[in-house]
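The data block below is final.txt; it holds compact mmCIF, C-alpha atoms and all ligand atoms.
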# COMPACT_ATOMS: atom_id res chain seq x y z
CA MET B 1 79.71 1.29 83.85
CA ILE B 2 83.21 1.36 85.26
CA GLU B 3 83.68 -1.75 87.38
CA ASP B 4 85.55 -0.30 90.33
CA GLN B 5 83.35 2.80 90.57
CA LYS B 6 82.65 3.34 94.26
CA GLN B 7 78.99 3.40 95.20
CA MET B 8 77.92 6.16 97.53
CA PRO B 9 76.87 4.93 100.97
CA PHE B 10 73.13 5.20 101.56
CA ASP B 11 72.38 8.24 103.70
CA VAL B 12 68.75 9.27 103.38
CA ASN B 13 69.28 12.82 104.65
CA LYS B 14 72.10 13.40 102.24
CA ILE B 15 69.97 12.03 99.42
CA ARG B 16 67.08 14.32 100.34
CA ASP B 17 69.37 17.29 99.77
CA ASP B 18 69.51 16.29 96.10
CA PHE B 19 65.74 16.80 95.72
CA PRO B 20 64.81 20.50 95.95
CA LEU B 21 61.06 19.90 96.03
CA LEU B 22 61.28 17.86 99.23
CA LYS B 23 62.20 21.05 101.06
CA ARG B 24 58.93 22.81 100.34
CA SER B 25 55.93 23.10 102.56
CA VAL B 26 52.20 22.96 101.82
CA TYR B 27 49.55 24.73 103.93
CA GLY B 28 52.43 25.83 106.16
CA LYS B 29 53.40 22.22 106.93
CA ASP B 30 56.52 20.36 105.80
CA LEU B 31 55.55 18.35 102.75
CA ILE B 32 55.48 14.59 103.21
CA TYR B 33 55.39 13.12 99.76
CA LEU B 34 54.00 9.58 99.71
CA ASP B 35 52.65 9.55 96.17
CA ASN B 36 55.68 8.15 94.40
CA GLY B 37 53.61 5.53 92.62
CA ALA B 38 51.95 8.36 90.68
CA THR B 39 55.15 10.25 90.00
CA SER B 40 58.54 10.69 91.61
CA GLN B 41 60.38 13.89 92.52
CA LYS B 42 63.45 14.94 90.55
CA PRO B 43 67.02 15.33 91.75
CA GLN B 44 68.82 18.60 90.98
CA VAL B 45 71.05 16.87 88.39
CA VAL B 46 67.97 16.12 86.27
CA ILE B 47 66.66 19.68 86.55
CA ASP B 48 70.14 20.97 85.68
CA ALA B 49 70.42 18.68 82.65
CA ILE B 50 67.13 19.99 81.24
CA ASN B 51 68.06 23.57 82.07
CA GLU B 52 71.49 23.22 80.48
CA TYR B 53 70.04 21.75 77.32
CA TYR B 54 67.66 24.69 76.87
CA SER B 55 70.07 27.40 78.00
CA GLU B 56 73.15 26.19 76.16
CA ASN B 57 72.63 23.36 73.69
CA ASN B 58 69.09 23.60 72.31
CA SER B 59 69.02 22.38 68.72
CA ASN B 60 67.21 19.76 66.69
CA ILE B 61 68.85 16.35 66.51
CA HIS B 62 69.77 13.79 63.84
CA ARG B 63 69.64 16.28 61.00
CA GLY B 64 71.84 19.32 61.48
CA VAL B 65 75.27 19.79 60.05
CA HIS B 66 76.06 22.47 62.61
CA TYR B 67 77.85 22.31 65.95
CA LEU B 68 74.88 22.57 68.29
CA SER B 69 72.82 19.99 66.44
CA GLN B 70 75.66 17.53 66.64
CA LEU B 71 76.15 18.25 70.32
CA ALA B 72 72.45 17.77 71.10
CA THR B 73 72.40 14.56 69.05
CA THR B 74 75.37 13.22 70.99
CA GLN B 75 73.74 14.05 74.32
CA TYR B 76 70.46 12.44 73.31
CA GLU B 77 72.17 9.30 72.00
CA ASP B 78 74.40 9.16 75.09
CA ALA B 79 71.24 9.15 77.22
CA ARG B 80 69.99 6.16 75.22
CA LYS B 81 73.27 4.36 75.92
CA ILE B 82 73.12 5.13 79.66
CA ILE B 83 69.66 3.55 79.74
CA GLN B 84 70.74 0.62 77.58
CA THR B 85 73.64 -0.11 79.92
CA TYR B 86 71.50 0.23 83.02
CA ILE B 87 68.80 -2.18 81.86
CA ASN B 88 71.40 -4.42 80.22
CA ALA B 89 69.96 -4.44 76.71
CA SER B 90 72.25 -5.85 74.00
CA LEU B 91 72.05 -2.87 71.68
CA PRO B 92 71.25 0.86 71.92
CA GLU B 93 68.75 0.56 69.06
CA GLU B 94 66.69 -1.81 71.18
CA VAL B 95 65.97 1.15 73.47
CA LEU B 96 63.23 3.30 71.94
CA PHE B 97 62.30 6.69 73.31
CA THR B 98 58.54 7.08 73.71
CA LYS B 99 56.26 9.42 75.66
CA GLY B 100 55.96 7.00 78.58
CA THR B 101 54.65 3.58 79.54
CA SER B 102 51.22 4.14 77.99
CA ASP B 103 52.79 5.23 74.73
CA SER B 104 55.20 2.27 74.75
CA ILE B 105 52.36 -0.22 75.24
CA ASN B 106 50.27 1.46 72.56
CA LEU B 107 53.22 1.22 70.19
CA VAL B 108 53.42 -2.53 70.70
CA ALA B 109 49.63 -3.01 70.61
CA PHE B 110 49.43 -1.11 67.36
CA SER B 111 52.57 -2.29 65.59
CA PHE B 112 53.14 -5.82 66.89
CA GLY B 113 49.33 -6.08 66.83
CA GLU B 114 49.44 -5.69 63.05
CA THR B 115 51.32 -9.01 62.85
CA LEU B 116 48.46 -10.91 64.57
CA SER B 117 45.48 -12.48 62.86
CA LYS B 118 41.92 -13.45 63.60
CA GLY B 119 41.65 -15.98 66.42
CA ASP B 120 45.03 -15.18 67.97
CA GLU B 121 45.05 -14.67 71.72
CA VAL B 122 46.56 -12.08 74.05
CA ILE B 123 46.86 -12.70 77.80
CA ILE B 124 46.91 -9.93 80.39
CA SER B 125 46.26 -10.11 84.13
CA ALA B 126 43.54 -8.93 86.49
CA MET B 127 45.95 -6.52 88.20
CA GLU B 128 46.91 -4.46 85.16
CA HIS B 129 46.91 -0.67 84.97
CA HIS B 130 44.36 0.62 82.46
CA SER B 131 47.35 1.37 80.20
CA ASN B 132 47.98 -2.35 79.92
CA ILE B 133 44.32 -3.24 79.38
CA VAL B 134 42.72 -0.75 77.02
CA PRO B 135 45.35 -0.86 74.21
CA TRP B 136 44.89 -4.66 74.06
CA GLN B 137 41.11 -4.37 74.01
CA MET B 138 41.41 -1.93 71.12
CA MET B 139 43.87 -4.18 69.32
CA CYS B 140 41.79 -7.32 69.85
CA GLU B 141 38.74 -5.56 68.48
CA ARG B 142 40.67 -4.33 65.44
CA LYS B 143 42.32 -7.66 64.66
CA GLU B 144 39.51 -9.98 65.89
CA CYS B 145 41.76 -11.49 68.54
CA THR B 146 40.71 -12.79 71.95
CA LEU B 147 41.81 -11.19 75.22
CA ARG B 148 42.28 -13.54 78.18
CA VAL B 149 42.76 -12.44 81.78
CA VAL B 150 44.79 -14.24 84.46
CA PRO B 151 42.86 -13.94 87.76
CA ILE B 152 44.33 -12.89 91.11
CA ASP B 153 43.68 -14.24 94.59
CA GLU B 154 42.61 -12.43 97.79
CA ASN B 155 46.21 -11.48 98.57
CA GLY B 156 46.71 -9.89 95.18
CA ASP B 157 48.92 -12.66 93.83
CA LEU B 158 48.48 -13.92 90.28
CA ILE B 159 47.03 -17.43 90.13
CA LEU B 160 49.77 -19.05 88.09
CA GLU B 161 47.93 -22.34 87.53
CA GLU B 162 45.20 -20.35 85.78
CA PHE B 163 47.84 -18.62 83.67
CA GLU B 164 49.18 -21.99 82.57
CA LYS B 165 45.67 -23.11 81.61
CA LEU B 166 45.21 -20.05 79.42
CA LEU B 167 48.43 -20.61 77.49
CA ASN B 168 48.09 -22.44 74.19
CA ASN B 169 49.45 -22.33 70.66
CA ARG B 170 47.10 -19.46 69.74
CA THR B 171 48.67 -17.28 72.48
CA LYS B 172 50.74 -14.68 70.64
CA LEU B 173 51.44 -12.21 73.41
CA VAL B 174 51.43 -12.07 77.21
CA ALA B 175 51.40 -8.56 78.70
CA VAL B 176 51.77 -8.29 82.48
CA SER B 177 53.01 -5.79 85.00
CA HIS B 178 56.27 -6.42 86.78
CA ILE B 179 54.93 -4.68 89.89
CA SER B 180 51.31 -3.70 90.54
CA ASN B 181 50.89 0.02 91.15
CA SER B 182 47.91 -0.40 93.45
CA LEU B 183 48.74 -3.64 95.30
CA GLY B 184 52.53 -3.60 95.27
CA THR B 185 52.63 -7.25 94.14
CA ILE B 186 55.92 -8.21 92.54
CA ASN B 187 55.01 -10.74 89.86
CA PRO B 188 57.19 -13.76 89.07
CA VAL B 189 57.91 -12.37 85.61
CA LYS B 190 60.81 -14.68 84.85
CA THR B 191 58.54 -17.71 85.29
CA ILE B 192 55.81 -16.05 83.23
CA ILE B 193 58.26 -15.23 80.43
CA ASP B 194 59.66 -18.77 80.30
CA LYS B 195 56.22 -20.38 80.27
CA ALA B 196 54.98 -18.01 77.55
CA HIS B 197 58.05 -18.63 75.42
CA ALA B 198 57.46 -22.37 75.73
CA VAL B 199 54.26 -21.97 73.66
CA GLY B 200 55.91 -19.52 71.28
CA ALA B 201 54.26 -16.36 72.68
CA LYS B 202 56.07 -13.04 73.06
CA VAL B 203 56.04 -11.19 76.38
CA LEU B 204 55.64 -7.52 77.24
CA ILE B 205 56.44 -6.44 80.78
CA ASP B 206 54.91 -3.22 82.11
CA GLY B 207 57.82 -1.99 84.19
CA ALA B 208 56.35 1.37 85.22
CA GLN B 209 56.75 0.49 88.91
CA SER B 210 59.97 -1.53 88.80
CA ILE B 211 63.09 0.36 87.75
CA GLN B 212 62.78 2.75 90.71
CA HIS B 213 62.81 -0.14 93.19
CA MET B 214 64.94 -2.92 91.75
CA LYS B 215 67.59 -3.81 89.23
CA VAL B 216 66.14 -5.05 85.96
CA ASP B 217 68.19 -6.90 83.42
CA MET B 218 66.83 -7.41 79.90
CA LEU B 219 69.19 -10.22 78.99
CA GLU B 220 68.49 -12.13 82.17
CA LEU B 221 64.70 -11.64 82.00
CA ASP B 222 64.67 -12.47 78.28
CA CYS B 223 61.40 -10.54 77.84
CA ASP B 224 60.56 -9.37 74.33
CA PHE B 225 59.32 -5.90 75.32
CA TYR B 226 59.73 -3.85 78.49
CA ALA B 227 58.00 -0.50 79.04
CA PHE B 228 58.58 2.23 81.61
CA SER B 229 58.05 5.97 82.21
CA GLY B 230 60.70 8.61 82.86
CA HIS B 231 58.66 10.50 85.42
CA LYS B 232 58.34 7.54 87.78
CA VAL B 233 62.09 6.93 87.82
CA PHE B 234 63.12 10.44 88.92
CA GLY B 235 63.19 11.77 85.35
CA PRO B 236 60.94 14.16 83.43
CA THR B 237 57.35 13.68 82.27
CA GLY B 238 56.55 13.09 78.61
CA VAL B 239 59.38 10.65 78.02
CA GLY B 240 59.63 6.92 78.51
CA ILE B 241 61.21 3.80 77.13
CA LEU B 242 60.19 0.80 75.14
CA TYR B 243 62.81 -1.90 75.12
CA GLY B 244 62.28 -4.45 72.36
CA LYS B 245 64.38 -7.27 70.96
CA LYS B 246 65.95 -6.16 67.69
CA ASP B 247 64.76 -9.04 65.53
CA ILE B 248 61.18 -8.54 66.70
CA LEU B 249 61.24 -4.75 66.25
CA ASP B 250 62.78 -5.19 62.80
CA ASN B 251 59.80 -7.26 61.75
CA MET B 252 57.18 -4.86 63.06
CA PRO B 253 55.64 -2.11 60.88
CA PRO B 254 56.16 1.52 61.96
CA TYR B 255 53.75 2.98 64.50
CA GLN B 256 53.69 6.55 63.26
CA GLY B 257 54.92 8.18 60.07
CA GLY B 258 56.88 11.40 59.76
CA GLY B 259 60.35 12.85 59.83
CA ASP B 260 63.32 10.87 61.18
CA MET B 261 61.61 7.49 60.69
CA ILE B 262 62.20 7.32 56.94
CA ALA B 263 65.15 6.33 54.75
CA LYS B 264 63.70 7.63 51.48
CA VAL B 265 60.39 9.23 50.59
CA THR B 266 58.77 9.54 47.18
CA PHE B 267 55.06 9.76 46.46
CA GLU B 268 55.18 6.24 45.09
CA LYS B 269 56.98 4.54 47.93
CA THR B 270 58.65 5.29 51.22
CA THR B 271 61.32 3.11 52.78
CA TYR B 272 61.73 3.19 56.51
CA ASN B 273 64.75 4.11 58.55
CA GLU B 274 66.65 1.64 60.71
CA LEU B 275 66.07 1.11 64.41
CA PRO B 276 65.59 2.98 66.63
CA HIS B 277 64.53 5.74 64.23
CA LYS B 278 61.86 3.62 62.54
CA PHE B 279 59.80 3.98 65.72
CA GLU B 280 60.73 7.57 66.57
CA ALA B 281 58.83 9.74 64.09
CA GLY B 282 59.18 13.49 64.38
CA THR B 283 61.23 15.70 66.66
CA PRO B 284 61.32 13.86 69.98
CA ASN B 285 61.28 15.15 73.54
CA ILE B 286 65.02 15.93 73.41
CA SER B 287 65.34 17.59 76.81
CA GLY B 288 63.23 14.78 78.26
CA GLY B 289 65.52 12.10 76.88
CA ILE B 290 68.59 13.90 78.18
CA GLY B 291 66.87 14.41 81.55
CA LEU B 292 65.96 10.72 81.72
CA GLY B 293 69.57 9.80 81.01
CA ALA B 294 70.64 12.04 83.89
CA ALA B 295 68.04 10.42 86.17
CA ILE B 296 69.16 6.88 85.37
CA LYS B 297 72.80 7.89 85.82
CA TYR B 298 71.98 9.41 89.23
CA PHE B 299 70.01 6.36 90.31
CA SER B 300 72.58 3.87 89.04
CA GLU B 301 75.20 5.41 91.30
CA LEU B 302 73.14 4.65 94.40
CA ASP B 303 73.28 1.36 96.25
CA ILE B 304 70.19 -0.49 95.00
CA GLU B 305 70.40 -3.13 97.76
CA ALA B 306 70.43 -0.42 100.41
CA ILE B 307 67.51 1.32 98.70
CA HIS B 308 65.58 -1.92 98.68
CA SER B 309 66.04 -2.61 102.37
CA HIS B 310 65.30 1.00 103.31
CA GLU B 311 62.04 0.95 101.33
CA GLN B 312 61.04 -2.45 102.71
CA GLU B 313 61.60 -1.11 106.20
CA LEU B 314 59.42 1.94 105.48
CA ALA B 315 56.58 -0.16 104.06
CA GLY B 316 56.76 -2.84 106.77
CA TYR B 317 56.71 -0.23 109.53
CA THR B 318 53.78 1.60 107.90
CA GLU B 319 51.73 -1.59 107.59
CA SER B 320 52.35 -2.65 111.18
CA LYS B 321 51.42 0.81 112.51
CA LEU B 322 48.31 1.06 110.33
CA MET B 323 47.10 -2.35 111.49
CA GLU B 324 46.78 -0.95 115.03
CA PHE B 325 43.76 1.11 113.90
CA PRO B 326 40.37 -0.63 114.21
CA GLY B 327 38.59 -1.36 110.92
CA MET B 328 41.85 -1.15 108.97
CA LYS B 329 42.36 -3.41 105.95
CA ILE B 330 45.51 -3.55 103.84
CA ILE B 331 44.66 -4.22 100.19
CA GLY B 332 47.49 -6.20 98.65
CA THR B 333 49.26 -8.70 100.86
CA ALA B 334 51.19 -10.62 98.23
CA LYS B 335 54.15 -12.83 99.07
CA GLU B 336 56.56 -10.50 97.28
CA LYS B 337 55.69 -6.83 97.66
CA THR B 338 57.29 -3.52 96.91
CA SER B 339 56.99 -0.36 99.00
CA VAL B 340 53.33 0.37 98.28
CA VAL B 341 50.75 0.35 101.06
CA SER B 342 47.13 0.49 99.89
CA PHE B 343 44.45 0.44 102.55
CA VAL B 344 40.80 1.03 103.39
CA VAL B 345 39.12 1.71 106.72
CA ASP B 346 35.60 0.47 107.58
CA GLY B 347 33.01 3.19 107.20
CA ILE B 348 35.48 5.79 105.88
CA HIS B 349 35.56 6.91 102.29
CA PRO B 350 39.16 6.96 100.98
CA PHE B 351 38.67 10.43 99.52
CA ASP B 352 37.65 11.91 102.89
CA LEU B 353 40.72 10.52 104.62
CA GLY B 354 42.97 11.60 101.74
CA THR B 355 41.59 15.14 101.92
CA LEU B 356 42.24 15.42 105.65
CA LEU B 357 45.78 14.06 105.20
CA ASP B 358 46.38 16.62 102.48
CA LYS B 359 45.46 19.45 104.84
CA GLN B 360 48.23 18.15 107.12
CA GLY B 361 50.83 18.36 104.35
CA ILE B 362 50.73 14.69 103.41
CA ALA B 363 50.44 13.70 99.76
CA VAL B 364 48.87 10.29 99.23
CA ARG B 365 46.69 9.09 96.43
CA THR B 366 43.11 7.97 96.79
CA GLY B 367 40.85 6.28 94.26
CA HIS B 368 41.14 3.37 91.89
CA HIS B 369 44.72 4.15 90.75
CA CYS B 370 43.82 3.39 87.12
CA THR B 371 43.05 -0.20 88.12
CA GLN B 372 39.26 -0.33 88.32
CA PRO B 373 39.07 -4.13 87.84
CA ILE B 374 41.14 -4.60 91.02
CA MET B 375 38.73 -2.39 92.96
CA ASP B 376 35.80 -4.42 91.59
CA PHE B 377 37.55 -7.63 92.65
CA PHE B 378 37.95 -6.41 96.23
CA GLU B 379 34.48 -4.76 96.10
CA ILE B 380 35.77 -1.39 97.24
CA PRO B 381 35.41 2.08 95.68
CA GLY B 382 39.13 2.71 95.92
CA THR B 383 41.98 2.76 98.39
CA ILE B 384 44.26 5.21 100.11
CA ARG B 385 47.73 4.52 98.79
CA ALA B 386 51.00 5.50 100.38
CA SER B 387 53.82 4.71 97.96
CA PHE B 388 57.42 5.23 99.00
CA ALA B 389 60.66 6.20 97.36
CA PHE B 390 64.16 5.86 98.77
CA TYR B 391 64.09 9.50 99.92
CA ASN B 392 61.25 8.91 102.41
CA THR B 393 62.15 8.59 106.08
CA MET B 394 60.91 6.77 109.18
CA GLU B 395 60.20 10.18 110.75
CA GLU B 396 57.84 10.91 107.88
CA ILE B 397 56.00 7.66 108.56
CA ASP B 398 55.55 8.60 112.21
CA ILE B 399 54.03 11.93 111.16
CA PHE B 400 51.86 10.16 108.60
CA ILE B 401 50.57 7.65 111.16
CA ALA B 402 49.80 10.42 113.65
CA ALA B 403 47.93 12.27 110.91
CA VAL B 404 45.91 9.15 110.03
CA GLU B 405 44.95 8.82 113.69
CA ARG B 406 43.93 12.48 113.95
CA SER B 407 41.92 12.22 110.72
CA LEU B 408 40.13 9.02 111.72
CA ASN B 409 39.12 10.63 115.02
CA MET B 410 37.65 13.52 113.09
CA LEU B 411 35.76 11.27 110.68
CA ARG B 412 34.33 8.87 113.25
C1 LIG F 501 51.89 4.71 85.84
C2 LIG F 501 51.69 3.38 85.27
C3 LIG F 501 51.39 3.20 83.92
C4 LIG F 501 51.20 4.36 82.99
O1 LIG F 501 52.31 5.18 82.94
P1 LIG F 501 52.22 6.60 82.21
O2 LIG F 501 53.48 7.28 82.63
O3 LIG F 501 51.01 7.29 82.77
O4 LIG F 501 52.12 6.37 80.76
C5 LIG F 501 51.26 1.92 83.45
N1 LIG F 501 51.42 0.86 84.25
C6 LIG F 501 51.70 0.97 85.56
C7 LIG F 501 51.90 -0.25 86.38
C8 LIG F 501 51.84 2.24 86.12
O5 LIG F 501 52.12 2.36 87.41
How does this structure look as structure tokens?
Amino acid sequence: MIEDQKQMPFDVNKIRDDFPLLKRSVYGKDLIYLDNGATSQKPQVVIDAINEYYSENNSNIHRGVHYLSQLATTQYEDARKIIQTYINASLPEEVLFTKGTSDSINLVAFSFGETLSKGDEVIISAMEHHSNIVPWQMMCERKECTLRVVPIDENGDLILEEFEKLLNNRTKLVAVSHISNSLGTINPVKTIIDKAHAVGAKVLIDGAQSIQHMKVDMLELDCDFYAFSGHKVFGPTGVGILYGKKDILDNMPPYQGGGDMIAKVTFEKTTYNELPHKFEAGTPNISGGIGLGAAIKYFSELDIEAIHSHEQELAGYTESKLMEFPGMKIIGTAKEKTSVVSFVVDGIHPFDLGTLLDKQGIAVRTGHHCTQPIMDFFEIPGTIRASFAFYNTMEEIDIFIAAVERSLNMLR
């Protein structure tokens, strides 16, 4: 990025104008969208980038001799470079386009998994999304490896001493979330990465909840893999990223076979293409990649520090207001937390409260948030989760709190 590029001052109302969906109403009420942990809304620039690709530049990439194909290829590869620059990866070919976080983790579990042998160990944590549990269970079954789980405490913090006890010279991979989607816990990933590297293990970070809230820097973190989804960072669905260190990716077998990922094919032997193409078989989600590039460009021009303090203010205010209700319990009170507020109320089923909030135009999520082991740990069926983005406002929180009050009165 250009060094002296001026960052736009943070003005939430001006920012809201960039997001057409935020202007809509539901059931005749102004929409209050507090389900950003599930997916984020899209700024007009992202919608325009997708629209422009289909209305003006649609063509297949990496193979055509003609004008449009070359143009589409350039746009797609430019998007990769925007993302590379933003996450500070050394090389564009370390940035692989996937379908999303789940796909990125499955790629590593399948391909890196092939390099493991019987008796090797993989460590995950008790706060992982199902996407960062099930692929490892499948891999461990296939390769006869052992899956170990770092426990969490009552606040939703990882118990780091237990992590250290699990590490040994059989540990080949540690896969943990940067930020928990249901608790909001920000994990000390740098410490985890350094400790894992000390025993020779590689580290995958599930970053599905991070990029939209904080600056992440691949070189500084020194993780081996980092996964995230386009749709949670103001980009389209069906596209995501797997960052991987080049030397590690080079030594992994392909995940899927097909067009684009080959150098030469005969019936006797096929040689594989170079990175990133080796891991990008078939025609990709071209408009999605271009849309994700537009999203990251949009986001990178905002003031991330200002976003952070705005979101912290929203979450802090929400928690303090919620705590005024009797029987209220916040689930997830970690030392370092992002703008996610998960809660339960004595005697009230989360789904009932969520349904009443919905009727008042408020979108929250209820349930286990794809983290059933966390719900088992806290012995609850699920939570109500309000998850914020930088475009949410304090006025919205006031309306949300009033709606919670009205709903609880109806349910009690
Ligand atoms: C959403 C999420 C995932 C899965 O992302 P998909 O886009 O559904 O593939 C994985 N991990 C965390 C922490 C998430 O929040």
I'd like to know which of B:Val233, B:Ile397, B:Val149, B:Val65 is closest to ligand LIG 501 (chain F), using only C-alpha atoms and all ligand atoms. B:Val233
For Tyr391 (chain B), which residue out of B:Asn409, B:Gln212, B:Thr338, B:Thr171 is the nearest one, using all atoms listed in the file? B:Gln212
Expected selection as a list in words for ligand LIG 501 (chain F) within 7 Å, all atoms listed in the file: Gly37, Ala38, Gly100, Thr101, Ser102, Asp103, Glu128, His129, Ser131, Asn132, Ser177, Ile179, Ser180, Asn181, Asp206, Gly207, Ala208, Gln209, Ser229 and His231 of chain B
Radius query 10 Å about (46.7, 14.1, 110.1), atoms used: only C-alpha atoms, as a PyMOL selection string: chain B and resi 353-362+399-410
Could you take the residues named above and write them with C-alpha atoms, as a PDB file, keeping the file's coordinate frame?
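And here's part_14.pdb as it stands now:
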ATOM      1  CA  LEU B 353      40.720  10.520 104.620  1.00  0.00           C
ATOM      2  CA  GLY B 354      42.970  11.600 101.740  1.00  0.00           C
ATOM      3  CA  THR B 355      41.590  15.140 101.920  1.00  0.00           C
ATOM      4  CA  LEU B 356      42.240  15.420 105.650  1.00  0.00           C
ATOM      5  CA  LEU B 357      45.780  14.060 105.200  1.00  0.00           C
ATOM      6  CA  ASP B 358      46.380  16.620 102.480  1.00  0.00           C
ATOM      7  CA  LYS B 359      45.460  19.450 104.840  1.00  0.00           C
ATOM      8  CA  GLN B 360      48.230  18.150 107.120  1.00  0.00           C
ATOM      9  CA  GLY B 361      50.830  18.360 104.350  1.00  0.00           C
ATOM     10  CA  ILE B 362      50.730  14.690 103.410  1.00  0.00           C
ATOM     11  CA  ILE B 399      54.030  11.930 111.160  1.00  0.00           C
ATOM     12  CA  PHE B 400      51.860  10.160 108.600  1.00  0.00           C
ATOM     13  CA  ILE B 401      50.570   7.650 111.160  1.00  0.00           C
ATOM     14  CA  ALA B 402      49.800  10.420 113.650  1.00  0.00           C
ATOM     15  CA  ALA B 403      47.930  12.270 110.910  1.00  0.00           C
ATOM     16  CA  VAL B 404      45.910   9.150 110.030  1.00  0.00           C
ATOM     17  CA  GLU B 405      44.950   8.820 113.690  1.00  0.00           C
ATOM     18  CA  ARG B 406      43.930  12.480 113.950  1.00  0.00           C
ATOM     19  CA  SER B 407      41.920  12.220 110.720  1.00  0.00           C
ATOM     20  CA  LEU B 408      40.130   9.020 111.720  1.00  0.00           C
ATOM     21  CA  ASN B 409      39.120  10.630 115.020  1.00  0.00           C
ATOM     22  CA  MET B 410      37.650  13.520 113.090  1.00  0.00           C
TER      23      MET B 410
END
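CA of Ala294 (chain B) is found 19.1 Å from CA of Asp217 (chain B).
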